[in-house]
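Chemist: Hey, dropping my_file.cif in here, mmCIF, C-alpha atoms:
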```
data_start
loop_
_atom_site.label_atom_id
_atom_site.label_comp_id
_atom_site.auth_asym_id
_atom_site.auth_seq_id
_atom_site.Cartn_x
_atom_site.Cartn_y
_atom_site.Cartn_z
CA MET A 107 76.03 58.22 -57.36
CA THR A 108 74.13 55.35 -58.70
CA HIS A 109 74.21 52.04 -56.90
CA SER A 110 73.61 48.88 -58.85
CA PRO A 111 71.03 46.72 -57.21
CA ASN A 112 72.48 43.80 -55.38
CA PHE A 113 70.32 40.84 -56.12
CA SER A 114 70.80 37.64 -54.15
CA ILE A 115 68.83 34.46 -54.66
CA HIS A 116 68.23 32.19 -51.73
CA CYS A 117 67.02 28.64 -52.39
CA LEU A 118 64.57 27.73 -49.76
CA ASN A 119 64.15 24.11 -48.63
CA SER A 120 66.87 22.96 -51.00
CA SER A 121 67.73 19.22 -50.81
CA PRO A 122 70.64 17.22 -52.18
CA PRO A 123 70.16 15.77 -55.68
CA ILE A 124 68.54 12.34 -55.82
CA PRO A 125 71.04 9.82 -57.17
CA VAL A 126 69.95 8.12 -60.35
CA GLU A 127 70.25 4.35 -60.10
CA GLU A 128 71.98 2.72 -63.03
CA PRO A 129 70.10 -0.21 -64.54
CA GLN A 130 71.25 -3.58 -63.29
CA VAL A 131 72.98 -5.55 -66.02
CA ALA A 132 73.11 -9.29 -65.49
CA PRO A 133 76.58 -10.77 -65.96
CA PRO A 134 76.93 -12.65 -69.25
CA LYS A 135 76.19 -16.33 -68.99
CA PRO A 136 79.19 -18.54 -69.62
CA LYS A 137 79.10 -20.14 -73.02
CA PRO A 138 78.39 -23.87 -72.83
CA ARG A 139 81.34 -26.02 -73.66
CA PRO A 140 81.11 -27.68 -77.05
CA GLN A 141 79.67 -31.16 -76.67
CA HIS A 142 81.77 -33.86 -78.26
CA PRO A 143 79.86 -36.69 -79.90
CA TRP A 144 80.50 -40.34 -79.22
CA LEU A 145 82.39 -41.91 -82.10
CA ILE A 146 81.08 -45.41 -82.76
CA VAL A 147 83.31 -47.27 -85.20
CA GLY A 148 82.47 -50.58 -86.83
CA LEU A 149 85.40 -52.43 -88.36
CA GLY A 150 85.27 -54.44 -91.56
CA ASN A 151 86.36 -54.63 -95.19
CA PRO A 152 84.73 -52.54 -97.95
CA GLY A 153 83.26 -54.13 -101.06
CA LYS A 154 80.41 -56.50 -101.87
CA LYS A 155 82.63 -59.58 -101.75
CA TYR A 156 83.04 -59.09 -98.00
CA ASN A 157 79.38 -58.48 -97.18
CA GLY A 158 78.09 -61.02 -94.67
CA THR A 159 81.52 -62.32 -93.70
CA ARG A 160 82.63 -62.81 -90.11
CA HIS A 161 85.20 -60.03 -90.33
CA ASN A 162 82.45 -57.52 -91.13
CA VAL A 163 80.22 -57.89 -88.06
CA GLY A 164 81.46 -54.47 -86.88
CA PHE A 165 80.07 -52.90 -90.05
CA GLU A 166 76.78 -54.75 -89.57
CA MET A 167 76.37 -53.64 -85.96
CA VAL A 168 76.88 -50.00 -86.95
CA ASP A 169 74.42 -50.45 -89.83
CA ALA A 170 71.84 -51.83 -87.36
CA ILE A 171 72.24 -48.79 -85.10
CA ALA A 172 72.01 -46.44 -88.09
CA GLU A 173 68.84 -48.11 -89.38
CA SER A 174 67.19 -47.95 -85.97
CA GLU A 175 68.01 -44.27 -85.45
CA GLY A 176 67.49 -43.08 -89.01
CA ILE A 177 71.12 -42.06 -89.41
CA SER A 178 72.42 -41.99 -92.97
CA ILE A 179 76.00 -43.25 -93.29
CA THR A 180 76.71 -41.84 -96.73
CA ASN A 181 79.23 -39.05 -96.19
CA VAL A 182 82.73 -39.95 -97.32
CA ASN A 183 85.56 -38.35 -95.37
CA PHE A 184 88.70 -39.38 -93.49
CA LYS A 185 88.76 -42.59 -95.56
CA ALA A 186 85.45 -43.65 -94.00
CA LEU A 187 81.70 -43.68 -94.48
CA LEU A 188 80.31 -41.30 -91.84
CA GLY A 189 76.94 -40.44 -90.37
CA ARG A 190 75.86 -38.13 -87.54
CA GLY A 191 72.77 -38.28 -85.36
CA PHE A 192 71.56 -39.17 -81.89
CA ILE A 193 70.91 -42.21 -79.73
CA GLY A 194 68.28 -40.89 -77.36
CA ASN A 195 69.68 -37.43 -76.66
CA VAL A 196 73.29 -38.51 -77.01
CA PRO A 197 75.06 -37.10 -80.09
CA VAL A 198 76.88 -39.81 -82.00
CA MET A 199 79.04 -40.15 -85.07
CA LEU A 200 78.96 -43.51 -86.83
CA ALA A 201 81.96 -44.56 -88.89
CA LYS A 202 82.86 -47.45 -91.18
CA PRO A 203 86.51 -47.16 -92.24
CA GLN A 204 87.03 -47.95 -95.91
CA THR A 205 90.76 -48.61 -95.63
CA PHE A 206 90.37 -52.38 -95.26
CA MET A 207 90.60 -53.90 -91.81
CA ASN A 208 94.35 -53.88 -91.28
CA SER A 209 94.64 -50.11 -91.88
CA SER A 210 91.59 -48.99 -89.90
CA GLY A 211 93.71 -46.71 -87.72
CA GLU A 212 94.39 -44.36 -90.64
CA SER A 213 90.73 -43.44 -90.65
CA VAL A 214 89.95 -43.59 -86.92
CA GLY A 215 93.05 -41.64 -85.91
CA ALA A 216 92.22 -38.84 -88.36
CA ILE A 217 88.58 -38.56 -87.17
CA VAL A 218 89.57 -38.47 -83.49
CA SER A 219 92.25 -35.86 -84.14
CA TYR A 220 90.10 -33.57 -86.29
CA TYR A 221 87.03 -33.56 -84.03
CA LYS A 222 89.10 -33.70 -80.81
CA ILE A 223 87.01 -36.57 -79.50
CA PRO A 224 88.07 -37.80 -76.03
CA LEU A 225 89.24 -41.40 -76.22
CA LYS A 226 86.77 -42.42 -73.53
CA GLN A 227 84.05 -41.55 -76.09
CA VAL A 228 85.48 -43.68 -78.90
CA LEU A 229 83.76 -47.07 -79.10
CA VAL A 230 85.19 -49.61 -81.54
CA ILE A 231 83.07 -52.63 -82.52
CA TYR A 232 84.82 -55.61 -84.09
CA ASP A 233 84.90 -59.40 -84.48
CA ASP A 234 86.76 -61.63 -82.04
CA LEU A 235 87.94 -65.17 -82.70
CA ASP A 236 88.44 -65.86 -79.01
CA LEU A 237 84.76 -65.42 -78.08
CA PRO A 238 82.10 -68.03 -78.90
CA PHE A 239 79.75 -67.11 -81.71
CA ALA A 240 77.24 -64.34 -80.80
CA LYS A 241 78.86 -63.64 -77.43
CA LEU A 242 79.65 -59.97 -76.76
CA ARG A 243 82.10 -58.41 -74.38
CA LEU A 244 82.24 -54.69 -73.58
CA LEU A 245 85.54 -53.46 -72.14
CA PRO A 246 86.60 -49.92 -71.12
CA LYS A 247 90.13 -50.41 -72.49
CA GLY A 248 92.63 -53.08 -73.43
CA GLY A 249 95.06 -54.32 -76.03
CA HIS A 250 94.49 -55.42 -79.60
CA GLY A 251 94.33 -59.14 -78.81
CA GLY A 252 95.90 -59.97 -82.16
CA GLN A 253 93.14 -58.22 -84.12
CA ASN A 254 94.94 -56.28 -86.86
CA GLY A 255 92.31 -53.56 -87.16
CA MET A 256 92.62 -52.81 -83.46
CA ARG A 257 96.39 -52.97 -83.70
CA SER A 258 96.29 -50.28 -86.39
CA ILE A 259 93.93 -48.07 -84.35
CA ILE A 260 96.14 -48.25 -81.25
CA ASP A 261 99.18 -47.36 -83.36
CA HIS A 262 97.43 -44.29 -84.82
CA LEU A 263 96.22 -43.18 -81.39
CA LYS A 264 99.87 -42.87 -80.34
CA GLY A 265 99.84 -46.18 -78.57
CA SER A 266 96.89 -45.38 -76.32
CA ARG A 267 94.65 -48.32 -75.39
CA ASP A 268 92.33 -46.27 -73.17
CA PHE A 269 89.19 -46.40 -75.28
CA PRO A 270 86.15 -48.71 -74.98
CA ARG A 271 85.56 -51.59 -77.33
CA LEU A 272 82.73 -54.03 -78.01
CA ARG A 273 84.00 -57.45 -79.08
CA ILE A 274 81.61 -59.69 -81.03
CA GLY A 275 82.37 -63.39 -80.89
CA ILE A 276 82.64 -65.24 -84.20
CA GLY A 277 84.08 -68.49 -82.80
CA ARG A 278 87.21 -70.42 -83.72
CA PRO A 279 87.85 -71.95 -87.16
CA PRO A 280 87.01 -75.65 -87.43
CA GLY A 281 89.79 -78.21 -87.58
CA ARG A 282 93.00 -76.87 -89.05
CA MET A 283 91.45 -74.08 -91.08
CA ASP A 284 93.59 -70.96 -91.21
CA ALA A 285 92.16 -68.11 -89.13
CA ALA A 286 92.72 -65.59 -91.96
CA ASN A 287 90.53 -67.66 -94.27
CA PHE A 288 87.92 -68.30 -91.58
CA VAL A 289 87.24 -64.63 -90.83
CA LEU A 290 86.60 -63.95 -94.53
CA ARG A 291 84.04 -66.73 -94.82
CA PRO A 292 80.29 -66.00 -94.65
CA PHE A 293 78.16 -67.23 -91.78
CA ASN A 294 76.23 -70.45 -92.23
CA LYS A 295 72.42 -70.46 -92.37
CA GLN A 296 71.86 -71.02 -88.64
CA GLU A 297 74.40 -68.38 -87.71
CA ARG A 298 72.81 -65.87 -90.09
CA GLU A 299 69.41 -66.43 -88.47
CA GLU A 300 70.79 -65.98 -84.97
CA ARG A 301 72.73 -62.90 -86.05
CA LEU A 302 69.66 -61.26 -87.64
CA PHE A 303 67.63 -62.09 -84.53
CA GLY A 304 70.27 -60.33 -82.43
CA PHE A 305 70.17 -57.20 -84.60
CA PHE A 306 66.36 -57.18 -84.34
CA TYR A 307 66.63 -57.14 -80.56
CA LEU A 308 69.23 -54.39 -80.76
CA ARG A 309 66.74 -52.19 -82.64
CA VAL A 310 64.02 -52.98 -80.09
CA LEU A 311 66.37 -52.05 -77.26
CA ILE A 312 67.16 -48.69 -78.78
CA LYS A 313 63.47 -47.91 -79.12
CA VAL A 314 62.85 -48.90 -75.49
CA LEU A 315 65.76 -46.66 -74.52
CA HIS A 316 63.97 -43.64 -76.02
CA LEU A 317 61.00 -44.24 -73.74
CA SER A 318 63.08 -44.30 -70.56
CA THR A 319 65.72 -41.63 -71.06
CA ALA A 320 67.97 -41.01 -68.08
CA PRO A 321 68.53 -37.48 -66.73
CA LYS A 322 72.18 -37.51 -67.68
CA GLN A 323 72.69 -37.84 -71.39
CA TRP A 324 75.69 -40.15 -71.25
CA ASN A 325 73.74 -42.63 -69.15
CA ASN A 326 71.61 -43.39 -72.19
CA LEU A 327 74.50 -44.73 -74.23
CA VAL A 328 75.93 -46.65 -71.28
CA LYS A 329 72.49 -48.15 -70.62
CA LEU A 330 72.17 -49.15 -74.27
CA LEU A 331 75.54 -50.86 -74.31
CA LEU A 332 74.90 -52.72 -71.07
CA LEU A 333 71.55 -53.97 -72.38
CA MET A 334 73.19 -55.03 -75.63
CA VAL A 335 75.85 -57.02 -73.84
CA TYR A 336 73.38 -58.60 -71.41
CA LEU A 337 70.74 -59.63 -73.91
CA LEU A 338 73.04 -60.50 -76.78
CA SER A 339 75.04 -62.74 -74.45
CA SER A 340 72.07 -64.50 -72.82
CA PRO A 341 70.94 -67.92 -74.11
CA LEU A 342 67.39 -68.29 -75.38
CA ARG A 343 65.23 -71.29 -74.57
CA ASP A 344 66.03 -72.84 -77.93
CA GLY A 345 69.75 -72.46 -77.37
CA ALA A 346 70.33 -69.50 -79.69
CA ARG A 347 71.92 -66.33 -78.45
CA ILE A 348 70.75 -62.82 -79.22
#
```
Hey, can you dump this file as structure tokens for me?
Modeler:
Amino acid sequence: MTHSPNFSIHCLNSSPPIPVEEPQVAPPKPKPRPQHPWLIVGLGNPGKKYNGTRHNVGFEMVDAIAESEGISITNVNFKALLGRGFIGNVPVMLAKPQTFMNSSGESVGAIVSYYKIPLKQVLVIYDDLDLPFAKLRLLPKGGHGGQNGMRSIIDHLKGSRDFPRLRIGIGRPPGRMDAANFVLRPFNKQEREERLFGFFYLRVLIKVLHLSTAPKQWNNLVKLLLLMVYLLSSPLRDGARI
């Protein structure tokens, strides 16, 4: 009788398997929220016949900002001339509605809606009969004050008045002159000189702003606006205002 050999294998000094560590995978970083630009709107009337008139100081202020920052306002969209760029490190969109003053809301409302710009980041610059010439007033919100361009914008923003505005004083009409005719008149020689001097200082201020940027990006624009209002509202030694 043949017996098959009975082989048995004994593992000496056997130890449990060493667990293999899985590589650590860092959790995905949250995507940064899209940064909405500031929308800076200057109000006025399109066309050469209105260049240099009191009603177009909003256009001129936006042009001064664009020139200082190298922003081209040549794109045509939403019934406006548009340009995009930066003030310091703050993204901005400059707009000059081409709808004529009284229908400015058609343009502004469409831009705000399309780009989903928060109203607190919509700054409207326009002329104001109730402020002395060359005086500026920056307000966080308010009504239209009888200014038809602002009236149109508020209507197209569903009645909201909660957006900042920079009012530029153009003074009251002399004597019994009709206000509608006064706002369409050009500035006199002295007023033009003071106005150009103010825009020069605006460009200087923006350049100074670049050299002293604040840690929070929105502070730059706030700082710029405060400096504008302070300096452009302060009398010079010769009596002019910048």
Chemist: With distances taken over all atoms listed in the file, which of A:Ile231, A:Val182, A:Ala286, A:Ile259 is nearest to Val147 in chain A?
Modeler: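 Ranking A:Ile231, A:Val182, A:Ala286, A:Ile259 by distance to Val147 in chain A, first place goes to A:Ile231.
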Chemist: Might you spell out which residues the PyMOL selection byres ((chain A and resi 210-227) around 6) would select in the displayed file, as a VMD selection string?
Modeler: chain A and resid 144 184 to 185 203 205 207 to 209 228 255 258 to 259 262 to 263 269
Chemist: Could you jot down the CA of Gln253 in chain A to CA of Phe206 in chain A separation for me, Å, one decimal place?
Modeler: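 These atoms are spaced 12.9 Å apart.
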Chemist: Counting all atoms listed in the file, what is within 8 Å of Arg271 in chain A, bar same-chain residues fewer than 6 positions away, as a list in words?
Modeler: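 Contacts, in chain order: Leu229, Val230, Ile231, Tyr232, Leu244, Leu245, Pro246 and Lys247 of chain A.
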Chemist: Got a sec: who's within 7 Å of Gly275 in chain A, counting all atoms listed in the file, leaving out chain neighbours fewer than 2 positions off, as a ChimeraX atom specification?
Modeler: /A:233-242,273,277
Chemist: When you count only C-alpha atoms, which of these residues is closest to Thr180 in chain A: A:Gln141, A:Glu299, A:Ala201, A:Arg291?
Modeler: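 Ranking A:Gln141, A:Glu299, A:Ala201, A:Arg291 by distance to Thr180 in chain A, first place goes to A:Ala201.
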Chemist: State, in Å with one decimal place, the distance from CA of Leu188 in chain A to CA of Thr159 in chain A.
Modeler: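 Calculated distance between CA of Leu188 in chain A and CA of Thr159 in chain A is 21.1 Å.
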Chemist: Could you work out how far CA of Leu145 in chain A lies from CA of Phe293 in chain A, giving the answer in Å with one decimal?
Modeler: 27.4 Å
Chemist: Counting only C-alpha atoms, which residue out of A:Asn254, A:Asn287, A:Asn195, A:Asn162 sits closest to Pro143 in chain A?
Modeler: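 Smallest distance to Pro143 in chain A is found for A:Asn195.
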Chemist: Calculated over all atoms listed in the file, which of the candidates A:Pro133, A:Gly153, A:Gly158, A:Gly194 has the smallest distance to Leu290 in chain A?
Modeler: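 Among A:Pro133, A:Gly153, A:Gly158, A:Gly194, it is A:Gly158 that comes nearest to Leu290 in chain A.
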Chemist: On this file, the PyMOL selection byres ((chain A and resi 172) around 12) gives some set of residues; write that set as number ranges by chain.
Modeler: A: 146-148, 165-171, 173-180, 187-193, 198-202, 305, 308-309, 312
Chemist: Once you add 5 Å to each side, what are the centre and edge lengths of the axis-aligned box holding all listed atoms of range 204-214 of chain A? One decimal in Å, as lines of an AutoDock Vina configuration file, if you can.
Modeler:
```
center_x = 90.8
center_y = -48.7
center_z = -91.4
size_x = 17.6
size_y = 20.5
size_z = 19.0
```
